[in-house]
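Asks: Once you've had a glance at the structure underneath, I'll fire off some questions.
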Amino acid sequence: MPTYTDMTRCDGCGECVDICPSDIMHIDPVYRRSYNIEPNFCWECYSCVKACPQHAIDVRGYADFAPLGHKVRVRREEAKGIISWKIRFRDGREKAFTFPIRTTPWGSIRPPSDYEAPAASSLSSQLLAHEPDALKVGALPSLPSFHEQAGAMP
Amino acid sequence: MSLFSSRKTRFVEADILVIGGGFSGCGATWESRYWGRDLKIVVVEKANIERSGAVAQGLSAINCYMGMQWNENQPDDFVRYARGDLMGLVREDLVFDIARHVDATVHTFEEWGLPILKDPKNGHYMREGKWQVMIHGESYKPIIAEAARKAASTVYNRIMVTHLLMDKARPNRVAGAVGFDMRNGTFYVFRAKAVIVSAGGASHIYRPRAAGEGMGRTWYAPWSSGSAYGLLIPTGARMTQMENKIVLARFKDGYGPVGAWFLLLKSYATNAYGEKYEAAWLEQTRSIVGKYADAEPVPTCLRNHAMLEEIKAGRGPIYMQTQASLDTSEKEQTGWEDFLDMTVSQAVVWASQNIDPRNTPSELITSEPYVMGSHATCSGAWVSGPEDVAPADYQWGYNRMTTVEGLFGAGDTVGGSAHKFSSGSFTEGKLAGKSAVRYVMEQQGDAPQVDETQIRVLEELIFRPLENYRVGRNEIVAGTVAPSYISPLQGLQRLGKLMDEYAGGVSTFYVTSEPMLNRGLELLAMLKEDLGHIGAENLHQLQRAWELHHRVLTAEAVIRHTLFRQETRWPGYYYRADHPQLDDAAWHVFTSSQYDAKTDAWQMSKLPVHHIVPG
């Protein structure tokens with residue numbers, strides 16, 4: 001059922017409901033905990049698994065092709081800028097991996113309005129924000145000979 | 001009291017309305033704010049931009065980066081590559097435009113905090129392949145979303161946009177959009193001077209290979225509902241290359257990516273007997289597509305073609321020989337991260353089937369077809385190109401403006417510009433954003449007027465599935481079978497079945513023909529009538545109902561374009577059995593359609609392909 005929620009861990013906070021790209025994590029009106037209302041529209045993207053503060057959501061691979069007994073668990077730590085995975089095979093073997101997720105503090109991106117306002121005249125140029133500097137080459141490439149070429153083409 | 005009578009309507013005014021907060025929408029938002037400091041820039045998204053769009057889960061590579069600073073590639077090299085991959089047919093002005101700006105986009109991403117792997121030898125970005133760089137991209141989307149939130153005046157999450165609004169007086173001028181709040185059912189009316197559609201392409205218009213619980217594990221996200229096309233087509237915007245659907249060769253069932261395995265880890269694919277098979281099909285492929293078979297690298301569709309022929313010859317399963325390349329723990333990490341960053345499901349499949357890639361090869365398969373504008377395919381709207389490089393008949397005003405006044409596109413919305421991927425889609429969003437600001441500035445005082453009657457007609461239409469269900473369910477005791485309505489899922493399954501069987505899905509090995517397509521159109525016409533009888537139990541199902549509408553419009557465009565192009569241009573994506581060869585004399589052109597919503601008629605035509613990059 002791709003994602004499912006552990007009855008004893010979920011406290012009904014709704015973080016999974018807020019993040020699910022497919023809108024399939026909903027709060028059960030009786031138990032006041034989340035569940036996957038539409039497993040066949042689940043991409044197993046793990047957005048809800050990563051977002052759950054209680055680590056209450058897990059994945060059981062699609063019944064069509066994933067035999068039982070596996071686990072792919074994750075812990076995403078924003079403050080540390082890392083994500084850690086633990087994989088358990090059906091036959092019990094295990095693997096663990098940790099990867100970086102970001103090199104700067106969360107929230108540190110400067111808004112575009114923090115940059116000096118561009119001259120009104122440059123609105124009609126081909127340059128985009130932060131160019132040409134951000135290109136790290138002298139100038140924006142063009143096809144200067146195109147119009148002459150086109151004249152010569154049938 | 002019915003839901004209808006208690007509903008609230010909320011009006012939102014914007015200078016620029018961005019529909020869809022994926023990569024191209026985030027790029028559009030950033031750039032609109034950079035150039036339009038005092039403008040009201042509104043983003044509307046059906047999910048939550050923190051994790052929405054095709055990159056919601058993350059990515060393990062950036063597939064479009066020139067590396068001009070190290071003289072690795074130039075934009076014209078990229079045009080030649082995209083042109084070769086798409087069998088000669090791309091809008092070279094649009095592809096060039098993205099390629100010349102995309103490096104700046106990637107450098108900005110790195111500055112924002114995206115971890116890009118470096119080659120220890122020279123400090124350059126670590127290349128996966130000629131155009132791809134490796135990233136630790138699990139948080140790719142949250143990083144880009146942070147930038148977009150800081151640029152937007154307001155981001156409206158969980159609003160499903162169903163229709164674009166047109167100006168009261170000028171039928172070819174966009175005026176805004178309507179939709180509903182999926183949490184409380186509020187009806188939203190957005191009025192805007194310029195609209196940028198940066199919505200998604202389409203999964204699930206073809207029945208997926210996994211038809212049970214796993215139907216959501218399409219390669220392309222199940223929330224990619226073709227809204228890029230479903231919103232545009234009813235406005236009469238000109239569409240192009242809608243027949244150019246894409247099929248992906250990927251790890252079986254999980255649809256895990258193969259790029260890092262082929263390009264970086266130097267793994268290879270074989271048939272069941274351990275034989276490399278691609279070269280053996282070259283002569284046969286030449287008999288279909290002629291000189292295009294010899295393009296370097298081998299076009300994506302032709303690699304699919306060789307795999308399909310090998311499977312048809314009974315020499316499947318096809319395997320990626322992963323064990324042959326994973327000789328260090330570093331490479332093993334790279335292989336697993338490739339999945340864990342962007343397709344966790346493949347790791348789940350391996351764990352569940354006891355497949356350790358260090359010891360065991362892993363099956364490959366071709367996916368069901370999808371409709372997109374951003375990958376190795378270029379379906380979408382016909383847009384105006386960049387002033388300095390676009391031929392005269394490719395420009396009529398503002399860069400990335402569709403044939404509808406004030407309506408811009410980016411990402412999957414824009415046709416003809418293949419191989420954008422994440423960085424190119426963001427870049428195209430930036431191009432559309434700057435252009436939309438310029439449009440708004442230059443059209444001062446030209447605030448479009450929405451038609452109150454049109455709005456009320458749409459409101460009734462949008463919420464009708466709730467009424468259909470409320471009334472119709474009284475006829476039955478319980479369950480999903482009702483005589484007067486079908487559920488959105490039932491409608492989706494009918495669409496998937498007919499597209500699969502008649503329009504070149506997996507069940508016919510992607511083969512179709514004029515009689516098959518015509519039969520598909522007959523059945524699609526009845527499905528279109530039945531869309532008026534969709535029953536939605538709640539607001540979530542109402543979202544599914546409107547996603548289905550967008551998919552059905554996309555599917556009709558796909559069938560009509562496939563019917564129009566009387567050749568087999570991209571074997572491995574689909575085959576016209578009645579026109580089994582590539583025909584450059586008649587079809588070295590773009591296909592074009594314009595839909596007239598009043599008469600329900602499609603006007604098909606050919607548009608010229610201009611080669612502006614030599615070689």
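By convention here, the chains of the structure tokens are called A, B, ... in the order presented, each chain's residues are numbered starting at 1, and ligands are numbered starting at 1 in the order presented.
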If you take only C-alpha atoms and a cut-off of 7 Å, which residues of chain B touch chain A, and what are their nearest atom pairs and distances in Å to one decimal, in chain and number order, as a Markdown table?

Replies:
| residue | atom | partner | partner_atom | distance |
| --- | --- | --- | --- | --- |
| B:Trp30 | CA | A:Pro112 | CA | 6.6 |
| B:Glu31 | CA | A:Ala129 | CA | 6.5 |
| B:Arg33 | CA | A:Pro112 | CA | 6.3 |
| B:Tyr34 | CA | A:Pro112 | CA | 5.1 |
| B:Trp35 | CA | A:Pro118 | CA | 6.9 |
| B:Arg37 | CA | A:Ser113 | CA | 6.4 |
| B:Ala47 | CA | A:Pro21 | CA | 5.1 |
| B:Asn48 | CA | A:Ile19 | CA | 6.0 |
| B:Arg51 | CA | A:Pro21 | CA | 6.1 |
| B:Ser52 | CA | A:Pro21 | CA | 5.4 |
| B:Gln57 | CA | A:Cys45 | CA | 5.2 |
| B:Met68 | CA | A:Val137 | CA | 6.8 |
| B:Gln69 | CA | A:Val137 | CA | 5.5 |
| B:Arg100 | CA | A:Pro141 | CA | 6.0 |
| B:Asp103 | CA | A:Leu135 | CA | 5.7 |
| B:Ala104 | CA | A:Leu135 | CA | 4.4 |
| B:His107 | CA | A:Ala134 | CA | 6.4 |
| B:Trp112 | CA | A:Ile109 | CA | 5.7 |
| B:Gly113 | CA | A:Thr103 | CA | 4.6 |
| B:Leu114 | CA | A:Arg102 | CA | 5.4 |
| B:Pro115 | CA | A:Arg102 | CA | 5.7 |
| B:His136 | CA | A:Ile101 | CA | 5.9 |
| B:Gly137 | CA | A:Ile101 | CA | 6.4 |
| B:Glu138 | CA | A:Ile101 | CA | 5.9 |
| B:Ser139 | CA | A:Ile101 | CA | 5.5 |
| B:Glu146 | CA | A:Gly107 | CA | 7.0 |
| B:Ala147 | CA | A:Ile109 | CA | 6.2 |
| B:Lys150 | CA | A:Pro111 | CA | 5.1 |
| B:Ala151 | CA | A:Pro111 | CA | 5.8 |
| B:Ala210 | CA | A:Asp64 | CA | 6.9 |
| B:Gly212 | CA | A:Asp64 | CA | 6.1 |
| B:Glu213 | CA | A:Asn40 | CA | 4.6 |
| B:Gly214 | CA | A:Tyr62 | CA | 5.0 |
| B:Met215 | CA | A:Asn40 | CA | 5.5 |
| B:Gly216 | CA | A:Phe41 | CA | 4.4 |
| B:Arg217 | CA | A:Trp43 | CA | 5.1 |
| B:Ala221 | CA | A:Trp43 | CA | 6.5 |
| B:Pro222 | CA | A:Phe41 | CA | 6.2 |
| B:Trp223 | CA | A:Ser22 | CA | 5.8 |
| B:Val344 | CA | A:Cys45 | CA | 6.6 |
| B:Ser345 | CA | A:Glu44 | CA | 6.0 |
| B:Val348 | CA | A:Gly61 | CA | 6.1 |
| B:Val349 | CA | A:Ala66 | CA | 5.7 |
| B:Ala351 | CA | A:Phe89 | CA | 4.1 |
| B:Ser352 | CA | A:His70 | CA | 4.9 |
| B:Gln353 | CA | A:Pro67 | CA | 6.4 |
| B:Asn354 | CA | A:Phe89 | CA | 5.7 |
| B:Val389 | CA | A:Leu143 | CA | 6.1 |
| B:Arg438 | CA | A:Leu123 | CA | 6.5 |
| B:Ile612 | CA | A:Phe146 | CA | 6.4 |

Asks: Can you tell me, as a list in words, which residues in range 19-86 of chain A count as helix (DSSP H, G or I) by DSSP?

Replies: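 The helix (DSSP H, G or I) residues within range 19-86 of chain A come out as Ile19, Pro39, Asn40, Phe41, Ser47, Cys48, Val49, Lys50 and Ala51 of chain A.
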
Asks: Would you mind exporting the chosen residues as a JSON list (two decimals), in the first residue's frame, restricted to C-alpha atoms?

Replies:
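Output saved as part-v3.json:
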[["chain", "number", "residue", "atom", "x", "y", "z"],
["A", 19, "ILE", "CA", 3.28, 17.98, 1.98],
["A", 39, "PRO", "CA", -2.45, 3.94, -2.60],
["A", 40, "ASN", "CA", -2.68, 3.55, -6.39],
["A", 41, "PHE", "CA", -1.87, 7.24, -6.79],
["A", 47, "SER", "CA", 7.84, 13.23, 0.94],
["A", 48, "CYS", "CA", 5.48, 12.31, 3.79],
["A", 49, "VAL", "CA", 7.91, 9.78, 5.27],
["A", 50, "LYS", "CA", 10.62, 12.46, 5.43],
["A", 51, "ALA", "CA", 8.27, 15.12, 6.78]]

Asks: Kindly give the distance, in Å, that separates CA of His305 in chain B and CA of Val371 in chain B, rounded to a single decimal.

Replies: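 For CA of His305 in chain B relative to CA of Val371 in chain B, the distance reads 18.3 Å.
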
Asks: Write out as a list in words the residues lying within 8 Å of Ala260 in chain B, counting only C-alpha atoms and excluding same-chain residues fewer than 6 positions away.

Replies: Glu128, Gly335 and Asp338 of chain B

Asks: Just checking: using only C-alpha atoms, which residue out of B:Arg358, B:Gln541, B:Ser592, B:Asp393 ends up closest to Ser329 in chain B?

Replies: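 Among the listed residues, B:Arg358 lies closest to Ser329 in chain B.
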
Asks: For Arg576 in chain B, please output as a list in words all residues within 6 Å (counting only C-alpha atoms; exclusion window: fewer than 3 positions along the same chain).

Replies: Thr512, Ser513, Thr568, His579 and Pro580 of chain B

Asks: With only C-alpha atoms as the counted atoms, please give the residues lying no more than 7 Å from Arg238 in chain B, apart from itself and same-chain residues fewer than 5 positions off, as a PyMOL selection string.

Replies: chain B and resi 381-382+403+592-594

Asks: Near Val90 in chain B, within 9 Å and counting only C-alpha atoms, which residues show up once chain neighbours fewer than 4 positions away are dropped, as a list of chain:residue names?

Replies: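 Here the qualifying residues turn out to be B:Val79, B:Ala82, B:Arg83, B:Leu86, B:Leu94, B:Val95, B:Cys378, B:Gly415, B:Gly416, B:Ser417, B:Ala418, B:Phe590, B:Val609, B:His610, B:His611.
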
Asks: Could you write out that same residue set with C-alpha atoms as a PDB file, in the first residue's frame?

Replies:
ATOM      1  CA  VAL B  79      21.298  22.242 -30.430  1.00  0.00           C
ATOM      2  CA  ALA B  82      18.902  17.775 -29.229  1.00  0.00           C
ATOM      3  CA  ARG B  83      18.182  17.872 -32.964  1.00  0.00           C
ATOM      4  CA  LEU B  86      14.651  14.135 -31.775  1.00  0.00           C
ATOM      5  CA  LEU B  94      14.259  27.812 -28.333  1.00  0.00           C
ATOM      6  CA  VAL B  95      16.819  25.092 -27.614  1.00  0.00           C
ATOM      7  CA  CYS B 378       8.962  18.204 -27.211  1.00  0.00           C
ATOM      8  CA  GLY B 415       6.676  22.605 -27.491  1.00  0.00           C
ATOM      9  CA  GLY B 416       9.666  22.156 -29.763  1.00  0.00           C
ATOM     10  CA  SER B 417      12.348  22.713 -27.111  1.00  0.00           C
ATOM     11  CA  ALA B 418      13.419  19.260 -26.014  1.00  0.00           C
ATOM     12  CA  PHE B 590       6.316  20.425 -37.102  1.00  0.00           C
ATOM     13  CA  VAL B 609      11.487  23.448 -39.426  1.00  0.00           C
ATOM     14  CA  HIS B 610      14.281  26.021 -39.750  1.00  0.00           C
ATOM     15  CA  HIS B 611      17.822  24.827 -39.168  1.00  0.00           C
TER      16      HIS B 611
END

Asks: Go ahead and compute the interatomic distance for CA of Gln543 in chain B and CA of Pro208 in chain B, in Å to one decimal.

Replies: 20.4 Å

Asks: Using DSSP secondary structure from the backbone, list all strand (DSSP E or B) positions within range 312-522 of chain B, as a VMD selection string.

Replies: chain B and resid 318 to 320 362 to 366 370 to 371 380 to 381 401 405 407 to 409 414 486 511 to 512

Asks: Store the residues picked out above, limited to C-alpha atoms, as a PDB file, in the first residue's frame.

Replies:
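That gives us again.pdb:
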ATOM      1  CA  ILE B 318      16.850  -7.354 -20.983  1.00  0.00           C
ATOM      2  CA  TYR B 319      19.389  -6.799 -18.202  1.00  0.00           C
ATOM      3  CA  MET B 320      21.584  -3.992 -17.009  1.00  0.00           C
ATOM      4  CA  SER B 362      18.747  -6.016 -12.983  1.00  0.00           C
ATOM      5  CA  GLU B 363      15.955  -6.027 -15.554  1.00  0.00           C
ATOM      6  CA  LEU B 364      15.240  -3.111 -17.892  1.00  0.00           C
ATOM      7  CA  ILE B 365      11.949  -2.393 -19.653  1.00  0.00           C
ATOM      8  CA  THR B 366      10.280   0.336 -21.703  1.00  0.00           C
ATOM      9  CA  TYR B 370       3.946   9.982 -21.549  1.00  0.00           C
ATOM     10  CA  VAL B 371       3.391  13.454 -22.995  1.00  0.00           C
ATOM     11  CA  GLY B 380       3.539  21.569 -26.183  1.00  0.00           C
ATOM     12  CA  ALA B 381       2.504  25.042 -27.215  1.00  0.00           C
ATOM     13  CA  MET B 401       4.392  33.945 -25.520  1.00  0.00           C
ATOM     14  CA  GLU B 405      -2.086  37.415 -26.179  1.00  0.00           C
ATOM     15  CA  LEU B 407      -0.362  33.913 -22.249  1.00  0.00           C
ATOM     16  CA  PHE B 408       3.178  32.633 -21.726  1.00  0.00           C
ATOM     17  CA  GLY B 409       4.512  29.123 -21.323  1.00  0.00           C
ATOM     18  CA  VAL B 414       6.382  24.800 -24.408  1.00  0.00           C
ATOM     19  CA  ILE B 486     -18.707   7.221 -13.105  1.00  0.00           C
ATOM     20  CA  VAL B 511       1.985   0.218 -32.877  1.00  0.00           C
ATOM     21  CA  THR B 512      -0.947   2.204 -34.223  1.00  0.00           C
TER      22      THR B 512
END
